[in-house]
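A.B. asks: Next up is a structure, given as C-alpha cells.
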Amino acid sequence: MKAVCIALFLALLGGCSAGLRIDDSHTATGQNSRVQYVVLHYTSTDLARSLKLLTETEVSSHYLIGDAPPTVYRLVDENRRAWHVGVSEWQGRTWLNASTIGIELVNQGYYETPAGRYWQPFAPQQVDRLIVLLKDIVQRHQLPPGSIIAHSDVAPQRKVDPGPLFPWKRLADEGLLPWPDEAAVARQQALFAASPPSVQWFQEQLARQGYAVPQHGELDQATRNVIAAFQMKYRPADYAGQPDAETAARLLVLNQQSG
C-alpha cells in the first residue's frame with residue numbers, strides 16, 4: 001500500500017511539472033546583463049594544446065581565438081560561467097568568473113632566455129578578429145568604457161597575461177578602451193618630474209582605476225606588481241613596476257578622464 005501511495009504521489013508531481021505554463025508577455029525594465037567585464041588572456045601554448053586544456057580540464061573560457069588561422073571558437077555559452085580568472089578582484093568586485101566573459105588568445109606568452117625574457121608578438125589577424133568579437137560583445141551587453149581588462153589587472157600578484165606586447169592602444173583606437181590624452185600626459189609628466197608623488201598617492205590612484213592594491217604607503221612587491229600591471233597596459237616600453245613620473249601622469253590623466 002505504501003509503495004502505491006508513493007507511486008501515485010510521484011505521478012501527480014510529474015503531472016504538475018508537465019503542465020507548467022509560463023507567461024512571457026510581460027518584461028521587466030529593471031534588468032541588465034550579468035556580464036560586467038571582458039577579461040583577456042593568452043594560453044601559453046599552441047592551438048591543439050589550448051583546445052585540450054580549455055575543453056577537457058576544469059579550466060575554461062567563453063572564447064578561444066587561434067593564431068593561424070585566427071578561428072574564433074566558442075567553448076562556453078555567454079549565459080554560463082567559465083572558469084578562467086580564479087581568485088580575482090576589480091573595482092571592489094571579487095571572484096569574477098560569475099560576472100565576466102573570458103577570451104583566450106593562442107600565444108606562447110614568454111620564454112626565459114640567456115638574454116632575458118622574450119615575449120611572443122600577437123598575430124595581426126588574430127587581433128583583428130578579437131576586435132570584431134569585442135565590439136559585438138560590448139554592443140550586446142551594453143558595456144561601459146573600461147570594461148575590457150587584462151588577467152594581470154584582476155590578478156596582478158600571480159598573472160602577467162596578456163603581457164606587454166598585447167596592443168591595448170589598438171583597442172583604444174577602435175573605441176574599445178579609454179586612453180590618456182598624450183598632450184595632457186606630457187604636461188603632467190613635467191610637473192611630476194619636478195615633484196614626484198608619494199607611494200601612497202600611487203596606491204590611491206591605482207585603486208581608483210580598479211586594482212586591488214595595498215594602501216600602506218610602502219613600495220612593497222605587491223605594490224610594484226600592480227604598478228607593473230598598469231604599465232604593461234598603458235606604458236609597455238618599461239613595466240619594471242617603478243613608480244616614475246610618466247606612469248604617474250598616465251594614471252592621473254586616465255582617472256581624470258573617467259571622472
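Please note that chains go A, B, ... in the order of the C-alpha cells, that every chain numbers its residues from 1, and that ligands are numbered from 1 in the order shown.
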Report as a tab-separated table: every residue of stretch 72-134 of chain A with an atom at most 10 Å from stretch 189-210 of chain A, its closest pair of atoms, and their distance in Å to one decimal, counting only C-alpha atoms, with rows sorted by chain and ascending residue number.
C.D. replies:
```
residue	atom	partner	partner_atom	distance
A:Glu89	CA	A:Gly210	CA	8.2
A:Trp90	CA	A:Gly210	CA	5.0
A:Gln91	CA	A:Gly210	CA	4.0
A:Gly92	CA	A:Gly210	CA	7.1
A:Arg93	CA	A:Gly210	CA	9.1
```
A.B. asks: Per DSSP on the backbone, filter stretch 93-204 of chain A down to the residues in helix (DSSP H, G or I) and report them as an NGL selection string.
C.D. replies: :A and (96-99 or 124-141 or 151-154 or 168-173 or 182-194 or 199-204)
A.B. asks: For each of A:Ala155, A:Val253, A:Ile22, A:Val38, take the minimum atom-to-atom distance to A:Ala184, counting only C-alpha atoms, then give the residue where this is smallest.
C.D. replies: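 Looking at the shortest contact to A:Ala184, the residue is A:Val253.
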A.B. asks: Residues within 9 Å of A:Leu219, please, as a VMD selection string. Count only C-alpha atoms; anything in the same chain fewer than 3 positions from it doesn't count.
C.D. replies: chain A and resid 199 to 200 216 222 to 224 243
A.B. asks: Okay, now the selection with C-alpha atoms, as a PDB file, in the first residue's frame?
C.D. replies:
```pdb
ATOM      1  CA  VAL A 199      53.852  55.784  -2.953  1.00  0.00           C
ATOM      2  CA  GLN A 200      50.602  56.322  -1.065  1.00  0.00           C
ATOM      3  CA  HIS A 216      50.007  51.345   3.475  1.00  0.00           C
ATOM      4  CA  ALA A 222      52.695  43.650  -4.113  1.00  0.00           C
ATOM      5  CA  THR A 223      52.510  47.358  -4.980  1.00  0.00           C
ATOM      6  CA  ARG A 224      55.235  47.020  -7.614  1.00  0.00           C
ATOM      7  CA  PRO A 243      56.607  54.493  -9.692  1.00  0.00           C
TER       8      PRO A 243
END
```
A.B. asks: Residues at most 12 Å from A:Gln36, counting only C-alpha atoms, excluding those fewer than 4 positions away in the same chain, as a short mmCIF file (atom, residue, chain, number, x, y, z; two decimals) with N, CA and C atoms, in the first residue's frame?
C.D. replies:
```
data_model
loop_
_atom_site.label_atom_id
_atom_site.label_comp_id
_atom_site.auth_asym_id
_atom_site.auth_seq_id
_atom_site.Cartn_x
_atom_site.Cartn_y
_atom_site.Cartn_z
N ASN A 32 19.65 44.11 -16.45
CA ASN A 32 20.74 44.29 -17.40
C ASN A 32 21.53 42.99 -17.49
N GLU A 78 27.78 32.33 -23.32
CA GLU A 78 27.95 33.54 -22.52
C GLU A 78 27.01 33.59 -21.32
N TRP A 90 38.42 43.33 -9.06
CA TRP A 90 38.47 44.55 -9.88
C TRP A 90 37.34 45.46 -9.43
N GLN A 91 37.67 46.71 -9.17
CA GLN A 91 36.70 47.72 -8.73
C GLN A 91 35.88 47.23 -7.53
N ARG A 93 34.95 44.26 -6.81
CA ARG A 93 34.23 43.02 -7.05
C ARG A 93 35.23 41.87 -7.06
N THR A 94 34.87 40.76 -6.46
CA THR A 94 35.79 39.64 -6.33
C THR A 94 35.25 38.39 -7.03
N LEU A 96 35.66 36.86 -10.09
CA LEU A 96 35.00 37.44 -11.26
C LEU A 96 34.52 36.45 -12.31
N ASN A 97 34.70 35.17 -12.09
CA ASN A 97 34.18 34.21 -13.07
C ASN A 97 32.70 34.40 -13.35
N ALA A 98 31.95 34.77 -12.31
CA ALA A 98 30.49 34.86 -12.44
C ALA A 98 30.03 36.09 -13.23
N SER A 99 30.89 37.09 -13.36
CA SER A 99 30.45 38.36 -13.96
C SER A 99 31.29 38.77 -15.16
N THR A 100 32.03 37.83 -15.75
CA THR A 100 32.93 38.17 -16.85
C THR A 100 32.76 37.22 -18.02
N ILE A 101 33.20 37.70 -19.18
CA ILE A 101 33.41 36.85 -20.35
C ILE A 101 34.91 36.70 -20.53
N GLY A 102 35.37 35.47 -20.64
CA GLY A 102 36.80 35.21 -20.81
C GLY A 102 37.14 34.93 -22.26
N ILE A 137 30.49 41.92 -28.45
CA ILE A 137 30.18 41.67 -27.04
C ILE A 137 29.79 42.97 -26.34
N VAL A 138 30.57 44.01 -26.56
CA VAL A 138 30.30 45.30 -25.92
C VAL A 138 28.93 45.82 -26.32
N ARG A 140 26.27 44.06 -27.48
CA ARG A 140 25.17 43.21 -27.00
C ARG A 140 24.95 43.34 -25.50
N HIS A 141 26.02 43.50 -24.75
CA HIS A 141 25.89 43.59 -23.29
C HIS A 141 25.90 45.03 -22.78
N GLN A 142 25.99 45.99 -23.70
CA GLN A 142 25.96 47.41 -23.34
C GLN A 142 27.00 47.72 -22.26
N LEU A 143 28.24 47.31 -22.51
CA LEU A 143 29.30 47.50 -21.53
C LEU A 143 29.87 48.92 -21.62
N PRO A 144 30.13 49.57 -20.49
CA PRO A 144 30.68 50.92 -20.50
C PRO A 144 32.18 50.91 -20.79
N PRO A 145 32.78 52.07 -21.12
CA PRO A 145 34.23 52.14 -21.33
C PRO A 145 34.97 51.63 -20.09
N GLY A 146 36.08 50.95 -20.33
CA GLY A 146 36.85 50.41 -19.22
C GLY A 146 36.48 49.01 -18.82
N SER A 147 35.58 48.38 -19.57
CA SER A 147 35.10 47.05 -19.20
C SER A 147 35.98 45.92 -19.74
N ILE A 148 36.89 46.24 -20.65
CA ILE A 148 37.79 45.24 -21.21
C ILE A 148 39.10 45.32 -20.44
N ILE A 149 39.44 44.25 -19.74
CA ILE A 149 40.58 44.27 -18.83
C ILE A 149 41.46 43.04 -19.04
#
```
A.B. asks: From the options A:Ala183, A:Ile227, A:Ala82, A:Leu176, which residue's atoms come nearest to A:Ala212, counting only C-alpha atoms?
C.D. replies: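 The closest residue to A:Ala212 is A:Ile227.
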A.B. asks: Atom CA of A:His62 and atom CA of A:Val76 are how many Å apart?
C.D. replies: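 Taking atom CA of A:His62 and atom CA of A:Val76, their separation equals 4.4 Å.
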A.B. asks: Could you pull out the strand (DSSP E) residues of stretch 70-183 of chain A from DSSP and send them as a PyMOL selection string?
C.D. replies: chain A and resi 72-74+89-90+93-94+100-105+110-113+116-119+148-150
